[in-house]
Every structure is written in structure tokens, then in C-alpha cells.
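Chemist: As input, take start17.txt (compact mmCIF, C-alpha atoms):
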```txt
# COMPACT_ATOMS: atom_id res chain seq x y z
CA MET M 8 21.58 236.58 70.69
CA GLU M 9 19.66 239.29 72.28
CA THR M 10 21.28 241.03 75.19
CA PHE M 11 19.57 242.76 78.07
CA ASN M 12 21.18 245.51 79.99
CA GLY M 13 19.12 246.44 82.98
CA ASP M 14 21.25 249.42 83.86
CA TYR M 15 19.42 252.67 84.31
CA LEU M 16 20.73 255.26 81.91
CA ASN M 17 19.56 258.89 82.09
CA GLY M 18 16.08 258.04 83.30
CA GLY M 19 15.56 255.01 80.92
CA PHE M 20 16.46 251.31 80.58
CA LEU M 21 18.51 249.72 77.80
CA LEU M 22 16.14 247.22 76.22
CA PRO M 23 16.88 244.54 73.60
CA VAL M 24 16.05 245.13 69.92
CA ALA M 25 15.96 242.84 66.94
CA ASP M 26 19.45 243.62 65.71
CA GLY M 27 21.01 243.39 69.18
CA GLU M 28 21.81 247.02 69.38
CA ALA M 29 20.70 248.70 72.59
CA VAL M 30 18.82 251.95 72.35
CA GLU M 31 17.72 254.25 75.09
CA LYS M 32 14.07 254.23 75.85
CA ARG M 33 13.21 257.19 77.92
CA GLY M 34 10.93 256.88 80.88
CA ARG M 35 7.89 259.11 80.92
CA GLU M 36 8.86 262.65 81.67
CA LYS M 37 6.52 265.51 82.55
CA PRO M 38 6.59 268.26 80.01
CA PRO M 39 8.33 271.35 81.35
CA GLN M 40 5.89 273.62 83.17
CA GLN M 41 5.42 276.99 81.64
CA GLN M 42 6.05 279.83 84.02
CA PRO M 43 3.12 282.28 84.30
CA PRO M 44 3.81 285.57 82.63
CA PRO M 45 5.02 288.23 85.03
CA PRO M 46 2.36 290.71 86.15
CA PRO M 47 2.24 293.90 84.17
CA PRO M 48 4.22 296.67 85.79
CA ARG M 49 2.18 299.08 87.86
CA PRO M 50 1.73 302.42 86.21
CA HIS M 51 4.09 304.96 87.61
CA LEU M 52 2.22 307.70 89.43
CA PRO M 53 3.90 311.04 89.32
CA ALA M 54 5.08 312.32 92.65
CA ASP M 55 2.58 315.17 92.56
CA ARG M 56 -0.46 312.99 91.72
CA CYS M 57 -2.19 313.29 95.11
CA PRO M 58 -0.36 315.92 97.11
CA SER M 59 -3.51 317.85 97.87
CA SER M 60 -5.13 314.98 99.80
CA ARG M 61 -1.98 314.39 101.84
CA GLU M 62 -1.56 318.04 102.57
CA ARG M 63 -5.22 318.35 103.52
CA GLN M 64 -4.92 315.40 105.89
CA GLY M 65 -1.90 316.99 107.52
CA GLU M 66 -3.71 320.28 107.91
CA GLU M 67 -6.75 318.56 109.45
CA GLU M 68 -4.56 316.69 111.93
CA GLN M 69 -2.81 319.91 112.90
CA GLU M 70 -6.12 321.72 113.34
CA GLY M 71 -7.42 318.81 115.43
CA GLU M 72 -4.39 318.98 117.71
CA GLU M 73 -4.74 322.74 118.11
CA GLU M 74 -8.44 322.38 118.94
CA GLU M 75 -7.70 319.67 121.49
CA GLU M 76 -5.11 321.89 123.17
CA GLU M 77 -7.59 324.78 123.26
CA GLN M 78 -10.27 322.59 124.86
CA GLN M 79 -7.83 321.29 127.43
CA ALA M 80 -6.89 324.88 128.30
CA ARG M 81 -10.55 325.77 128.89
CA LEU M 82 -11.32 322.66 130.93
CA PRO M 83 -10.12 323.94 134.37
CA ALA M 84 -12.48 326.94 134.24
CA LEU M 85 -15.47 324.74 133.42
CA GLU M 86 -14.44 322.25 136.09
CA ALA M 87 -14.23 325.00 138.72
CA ALA M 88 -17.66 326.27 137.67
CA TYR M 89 -19.26 322.85 138.18
CA CYS M 90 -17.51 322.55 141.53
CA SER M 91 -19.11 325.85 142.55
CA ILE M 92 -22.51 324.62 141.39
CA LEU M 93 -22.20 321.51 143.57
CA ARG M 94 -21.31 323.65 146.57
CA GLY M 95 -24.22 325.96 145.79
CA LEU M 96 -26.54 322.95 145.87
CA GLY M 97 -25.29 322.11 149.37
CA GLU M 98 -23.21 319.16 148.18
CA ASN M 99 -19.64 318.29 149.10
CA PRO M 100 -17.50 318.03 145.95
CA GLU M 101 -14.86 316.16 147.96
CA ARG M 102 -17.00 313.15 148.78
CA GLN M 103 -16.19 309.95 146.91
CA GLY M 104 -19.10 309.97 144.47
CA LEU M 105 -18.52 313.58 143.40
CA GLN M 106 -14.74 313.88 143.32
CA LEU M 107 -14.55 313.45 139.54
CA THR M 108 -17.98 314.85 138.71
CA PRO M 109 -16.84 318.43 137.89
CA ARG M 110 -14.33 317.17 135.32
CA ARG M 111 -16.78 314.67 133.83
CA ALA M 112 -19.48 317.32 133.58
CA ALA M 113 -17.04 319.82 132.02
CA LYS M 114 -15.99 317.34 129.34
CA ALA M 115 -19.61 316.41 128.68
CA MET M 116 -20.56 320.07 128.21
CA GLN M 117 -17.70 320.52 125.75
CA PHE M 118 -19.11 317.65 123.72
CA PHE M 119 -22.69 318.92 123.94
CA THR M 120 -21.55 322.25 122.47
CA LYS M 121 -18.95 321.04 119.97
CA GLY M 122 -20.95 322.61 117.14
CA TYR M 123 -19.44 325.99 118.02
CA ARG M 124 -16.10 324.63 116.83
CA GLU M 125 -17.38 323.24 113.53
CA SER M 126 -18.42 324.85 110.25
CA VAL M 127 -20.55 323.77 107.32
CA ALA M 128 -17.69 324.35 104.86
CA GLU M 129 -15.43 321.94 106.76
CA ILE M 130 -18.15 319.31 107.10
CA LEU M 131 -19.16 319.33 103.43
CA ASN M 132 -15.52 318.72 102.46
CA ASP M 133 -16.04 318.67 98.66
CA ALA M 134 -19.17 316.50 98.97
CA VAL M 135 -21.28 318.74 96.68
CA PHE M 136 -21.64 317.15 93.24
CA ASP M 137 -22.90 318.28 89.85
CA GLU M 138 -25.93 316.16 88.99
CA ASP M 139 -28.75 316.56 86.48
CA HIS M 140 -31.50 315.85 89.02
CA ASP M 141 -34.45 318.15 89.54
CA GLU M 142 -36.79 316.08 91.71
CA MET M 143 -37.20 316.39 95.45
CA VAL M 144 -34.59 314.87 97.75
CA ILE M 145 -35.76 314.05 101.29
CA VAL M 146 -33.90 312.71 104.31
CA LYS M 147 -36.27 312.24 107.23
CA ASP M 148 -36.14 311.01 110.82
CA ILE M 149 -32.65 312.39 111.49
CA GLU M 150 -32.15 312.05 115.25
CA MET M 151 -31.31 315.31 116.99
CA PHE M 152 -30.15 316.25 120.50
CA SER M 153 -29.61 319.80 121.69
CA LEU M 154 -29.57 321.98 124.81
CA CYS M 155 -32.20 324.58 125.56
CA GLU M 156 -30.37 327.85 126.07
CA HIS M 157 -32.92 329.01 128.66
CA HIS M 158 -32.48 326.18 131.16
CA LEU M 159 -29.48 324.18 129.86
CA VAL M 160 -31.58 321.01 129.74
CA PRO M 161 -31.95 318.80 126.68
CA PHE M 162 -34.51 318.81 123.92
CA PHE M 163 -34.45 316.02 121.39
CA GLY M 164 -36.40 314.66 118.48
CA LYS M 165 -36.29 314.20 114.71
CA VAL M 166 -35.41 316.43 111.78
CA HIS M 167 -36.89 316.08 108.29
CA ILE M 168 -35.07 317.80 105.40
CA GLY M 169 -36.11 318.18 101.78
CA TYR M 170 -34.71 320.19 98.89
CA LEU M 171 -35.23 320.64 95.16
CA PRO M 172 -31.79 320.60 93.50
CA MET M 173 -30.52 323.13 91.00
CA LYS M 174 -28.06 320.81 89.19
CA LYS M 175 -26.21 320.14 92.47
CA VAL M 176 -26.68 317.47 95.14
CA VAL M 177 -24.92 316.81 98.42
CA GLY M 178 -23.85 313.55 100.06
CA LEU M 179 -26.84 312.40 102.12
CA SER M 180 -24.83 311.93 105.31
CA LYS M 181 -23.79 315.59 105.10
CA LEU M 182 -27.38 316.67 105.76
CA ALA M 183 -27.24 314.81 109.07
CA ARG M 184 -23.87 316.40 109.80
CA ILE M 185 -25.33 319.88 109.22
CA VAL M 186 -28.03 319.04 111.75
CA GLU M 187 -25.31 317.97 114.17
CA ILE M 188 -23.35 321.20 113.76
CA PHE M 189 -26.24 323.46 114.75
CA SER M 190 -27.89 321.18 117.30
CA ARG M 191 -24.67 320.80 119.31
CA ARG M 192 -24.99 324.35 120.55
CA LEU M 193 -27.15 326.21 123.04
CA GLN M 194 -30.35 326.54 121.03
CA VAL M 195 -34.02 327.28 120.71
CA GLN M 196 -35.86 325.04 118.30
CA GLU M 197 -37.13 327.87 116.10
CA ARG M 198 -33.63 329.18 115.41
CA LEU M 199 -32.21 325.69 114.92
CA THR M 200 -34.78 324.97 112.20
CA LYS M 201 -33.95 328.12 110.28
CA GLN M 202 -30.18 327.73 110.60
CA ILE M 203 -30.31 324.26 109.04
CA ALA M 204 -32.42 325.49 106.12
CA LEU M 205 -30.21 328.52 105.48
CA ALA M 206 -27.03 326.43 105.60
CA ILE M 207 -28.37 324.04 102.95
CA THR M 208 -29.50 326.97 100.81
CA GLU M 209 -26.09 328.61 100.98
CA ALA M 210 -24.23 325.39 100.18
CA LEU M 211 -26.37 324.10 97.27
CA LYS M 212 -28.29 327.10 95.91
CA PRO M 213 -31.32 324.82 95.38
CA VAL M 214 -34.73 325.75 93.99
CA GLY M 215 -36.24 325.26 97.43
CA VAL M 216 -35.54 323.91 100.92
CA ALA M 217 -37.81 322.62 103.67
CA VAL M 218 -36.90 321.67 107.25
CA VAL M 219 -39.30 320.33 109.88
CA ILE M 220 -38.30 319.49 113.45
CA GLU M 221 -40.40 317.54 115.96
CA ALA M 222 -38.92 317.62 119.47
CA SER M 223 -39.63 316.98 123.13
CA HIS M 224 -38.30 319.57 125.57
CA MET M 225 -37.21 318.47 129.02
CA CYS M 226 -37.85 321.98 130.30
CA MET M 227 -41.56 321.23 129.74
CA ILE M 228 -41.42 317.59 130.82
CA MET M 229 -39.30 317.44 133.97
CA ARG M 230 -40.01 320.99 135.27
CA GLY M 231 -42.52 323.79 134.78
CA VAL M 232 -45.82 322.49 133.43
CA GLN M 233 -44.49 318.89 133.38
CA LYS M 234 -46.44 317.74 130.33
CA MET M 235 -44.91 314.36 129.55
CA LYS M 236 -46.32 313.84 126.05
CA SER M 237 -45.98 317.36 124.66
CA LYS M 238 -44.08 317.89 121.40
CA THR M 239 -43.02 321.03 119.58
CA VAL M 240 -43.10 321.16 115.77
CA THR M 241 -41.31 323.92 113.83
CA SER M 242 -40.77 324.39 110.10
CA THR M 243 -38.83 326.58 107.71
CA MET M 244 -39.73 326.71 104.01
CA LEU M 245 -37.59 328.55 101.49
CA GLY M 246 -37.85 329.12 97.75
CA VAL M 247 -40.42 327.12 95.79
CA LEU M 248 -41.31 325.08 98.87
CA ARG M 249 -42.58 328.26 100.45
CA GLU M 250 -44.17 329.75 97.33
CA ASP M 251 -45.82 326.69 95.75
CA PRO M 252 -48.51 325.00 97.89
CA LYS M 253 -48.44 321.79 95.80
CA THR M 254 -44.70 321.34 96.22
CA ARG M 255 -44.95 322.06 99.93
CA GLU M 256 -47.79 319.57 100.27
CA GLU M 257 -45.76 316.92 98.47
CA PHE M 258 -42.93 317.36 100.98
CA LEU M 259 -45.24 317.25 104.00
CA SER M 260 -47.04 314.14 102.75
CA LEU M 261 -43.74 312.32 102.07
CA ILE M 262 -42.30 312.94 105.53
CA LYS M 263 -45.51 311.57 107.08
CA SER M 264 -45.56 308.41 104.98
```
I'd like the structure from this file rewritten - as C-alpha cells, please.

Modeler:
Amino acid sequence: METFNGDYLNGGFLLPVADGEAVEKRGREKPPQQQPPPPPPRPHLPADRCPSSRERQGEEEQEGEEEEEEQQARLPALEAAYCSILRGLGENPERQGLQLTPRRAAKAMQFFTKGYRESVAEILNDAVFDEDHDEMVIVKDIEMFSLCEHHLVPFFGKVHIGYLPMKKVVGLSKLARIVEIFSRRLQVQERLTKQIALAITEALKPVGVAVVIEASHMCMIMRGVQKMKSKTVTSTMLGVLREDPKTREEFLSLIKS
């Protein structure tokens, strides 16, 4: 006679068979999940792999702190000068609206002239690259703000830069940074144009460089002749851009397009 044992044994039931002997029939079991292989170990970087970048960062931070301390030390003299200017205008520096004006104006002037504390070598920061490119590179409509050294009032406009590489190119943003270095000083537009061109020539040794600046001068707009729509255009051409009329014309046509 067949027997039935409904006891649960190790995940299965004992079921009857023809000869009366009970055998274990396993319930369905999920196959064991395979563990994903461990990620490959990260390559071990030697301790001296990138010391130069860390050291350079530390040096830049130290220089930044020293510069900040120097500017803070100069701030009282500038603040006193603006206080004297207010008195010379017949104003009272102690009234509510002007109490903080000398300090604000002193800090603003430090920012307007921060180019004195910057150099092209620091700004380029290894951003000059070897590249087999010998066609013209142009960055145009770079916004520019500066201070006229004759009246200490702003002039502002756009700078157009072009150069013909000699197997070396520079990061495009660095051209705008060069403009910033020289424009954030007391300037005249003619000198500013030439300084930008010479800085690019010294850094890249290109076949030729061209710089054109179009600017409006507040010393002509808000005082003096008061010509609201007047603009001043200056240019500096070096190398092949000065010597070859066709190359120069190509540059001038591209910045107008």
C-alpha cells in the first residue's frame, strides 16, 4: 500500500512511489547567483606623479595672499585721497550717503588697475601648444574697459585680434586675458593696441599679428566736445600682416563680417 508522508523535509515533500519507498523531491530552488567580478585594482600612481601641479597651486595661493595683503596695506592711502577729493568738491564725507564712499571708490580703483599686478607669463600658464596650423586665427569682439590716463574716466569698446601661427597656438581665452591685463591700467588707446600685439608676438613668435580696437571715450562724450556717437579706431599690424596687403585685407574683411 502506498504511503504518503506530508512532512516537509529540506525544502521538499516525501511523495509516494510505486515500490512504496519515499524519495525526496526537491522544491524549485533558484540557482545560486554569481557574484560580479571585483573591479580591477586602480593603477598605483607614484607619489611624485603630479607634484608640480600641487606645488604650483600652493605657490599661486601664497602669491595671492601676499598680493591681497599688499592691496590692503595701500587701501588707507587711496581712501584718504578720495576723502580729500570729496572735501575739495565741497562735499561732506561724513554725511550718511558718503561715509563709505572713499573706501568703495578706493577698492574700485584697485580693481580698475589690477593689470599692473598681472603678467602675460602668469596668465598664459602653459597654454601655448605645438600645432601644425598655418592659417589665420581670429578672435573678434572682445569686450574691453579701460581708464583714460588723462582724465581718469573710462573708455570702452571691442578688440579684434588675429595672428598667423608659426607651429604654435594659444588657448583662445588667453587672448581675452591678455586684453584684460593691459586694459586694466591707466591707458591711451594707441599704446594699448600696440602692447596687446607685442605681447602676442613675444609669446607665440607668429608669422604676423594684427590688433584693432574700436572704442568710445567718455572724455569726449561726457565732457569736452561732448560728441555722443564718436568712436576711435586704432590698429597695430606686425610681421606679414603689415608687409602683405592681401593678408592684411583678409584680416580686415573677416573682422567686419

Chemist: Determine, counting all atoms listed in the file, every residue of protein, DNA or RNA that lies within 9 Å of (-29.5, 323.0, 117.2) in the file coordinates, then give the result as an mmCIF file with C-alpha atoms, keeping the file's coordinate frame.

Modeler:
```cif
data_model
loop_
_atom_site.group_PDB
_atom_site.id
_atom_site.type_symbol
_atom_site.label_atom_id
_atom_site.label_comp_id
_atom_site.auth_asym_id
_atom_site.auth_seq_id
_atom_site.Cartn_x
_atom_site.Cartn_y
_atom_site.Cartn_z
ATOM 1 C CA GLY M 122 -20.950 322.610 117.140
ATOM 2 C CA MET M 151 -31.310 315.310 116.990
ATOM 3 C CA PHE M 152 -30.150 316.250 120.500
ATOM 4 C CA SER M 153 -29.610 319.800 121.690
ATOM 5 C CA LEU M 154 -29.570 321.980 124.810
ATOM 6 C CA CYS M 155 -32.200 324.580 125.560
ATOM 7 C CA VAL M 186 -28.030 319.040 111.750
ATOM 8 C CA GLU M 187 -25.310 317.970 114.170
ATOM 9 C CA ILE M 188 -23.350 321.200 113.760
ATOM 10 C CA PHE M 189 -26.240 323.460 114.750
ATOM 11 C CA SER M 190 -27.890 321.180 117.300
ATOM 12 C CA ARG M 191 -24.670 320.800 119.310
ATOM 13 C CA ARG M 192 -24.990 324.350 120.550
ATOM 14 C CA LEU M 193 -27.150 326.210 123.040
ATOM 15 C CA GLN M 194 -30.350 326.540 121.030
ATOM 16 C CA VAL M 195 -34.020 327.280 120.710
ATOM 17 C CA GLN M 196 -35.860 325.040 118.300
ATOM 18 C CA ARG M 198 -33.630 329.180 115.410
ATOM 19 C CA LEU M 199 -32.210 325.690 114.920
ATOM 20 C CA THR M 200 -34.780 324.970 112.200
ATOM 21 C CA GLN M 202 -30.180 327.730 110.600
ATOM 22 C CA ILE M 203 -30.310 324.260 109.040
#
```

Chemist: Work out how far apart CA of Lys263 in chain M and CA of Lys212 in chain M are and give it in Å to one decimal.

Modeler: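 Computing the Euclidean distance for CA of Lys263 in chain M and CA of Lys212 in chain M yields 25.7 Å.
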
Chemist: Ranking M:Lys147, M:Lys181, M:His158, M:Lys174 by minimum distance to Leu131 in chain M and counting only C-alpha atoms, which one comes first?

Modeler: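 Counting only C-alpha atoms, the residue closest to Leu131 in chain M is M:Lys181.
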
Chemist: Using only C-alpha atoms, pick whichever of M:Gly178, M:Gly164, M:Pro109, M:Pro252 has the shortest atom-to-atom distance to Ile220 in chain M.

Modeler: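 Result for the nearest residue to Ile220 in chain M: M:Gly164.
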
Chemist: How far is it from CA of Phe136 in chain M to CA of Val177 in chain M, in Å with one decimal?

Modeler: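 Going from CA of Phe136 in chain M over to CA of Val177 in chain M, I get 6.1 Å.
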
Chemist: Let me have the centre and edge lengths of the axis-aligned box enclosing all listed atoms of range 171-190 of chain M with 3 Å padding on every side, in Å to one decimal, as JSON.

Modeler:
```
{"center_x": -29.3, "center_y": 317.7, "center_z": 103.2, "size_x": 17.9, "size_y": 17.5, "size_z": 34.1}
```

Chemist: What is the CA of Tyr123 in chain M to CA of Met227 in chain M distance in Å?

Modeler: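 Interatomic distance here is 25.5 Å.
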
Chemist: Got a sec: who's within 12 Å of Thr254 in chain M, counting all atoms listed in the file, leaving out chain neighbours fewer than 5 positions off, as a list of chain:residue names?

Modeler: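 So the residues in contact are M:Glu142, M:Met143, M:Gly169, M:Tyr170, M:Leu171, M:Val214, M:Gly215, M:Val216, M:Ala217, M:Met244, M:Leu245, M:Gly246, M:Val247, M:Leu248, M:Arg249, M:Leu259, M:Ser260, M:Leu261.
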
Chemist: Of the candidates M:Gln79, M:Ala87, M:Phe162, M:Ala183, which shows the shortest atom-to-atom distance to Ile130 in chain M, using all atoms listed in the file?

Modeler: M:Ala183

Chemist: Choose the residue, out of M:Arg184, M:His224, M:Lys236, M:Lys201, that has the smallest atom-to-atom separation from Ala128 in chain M; count all atoms listed in the file.

Modeler: M:Arg184
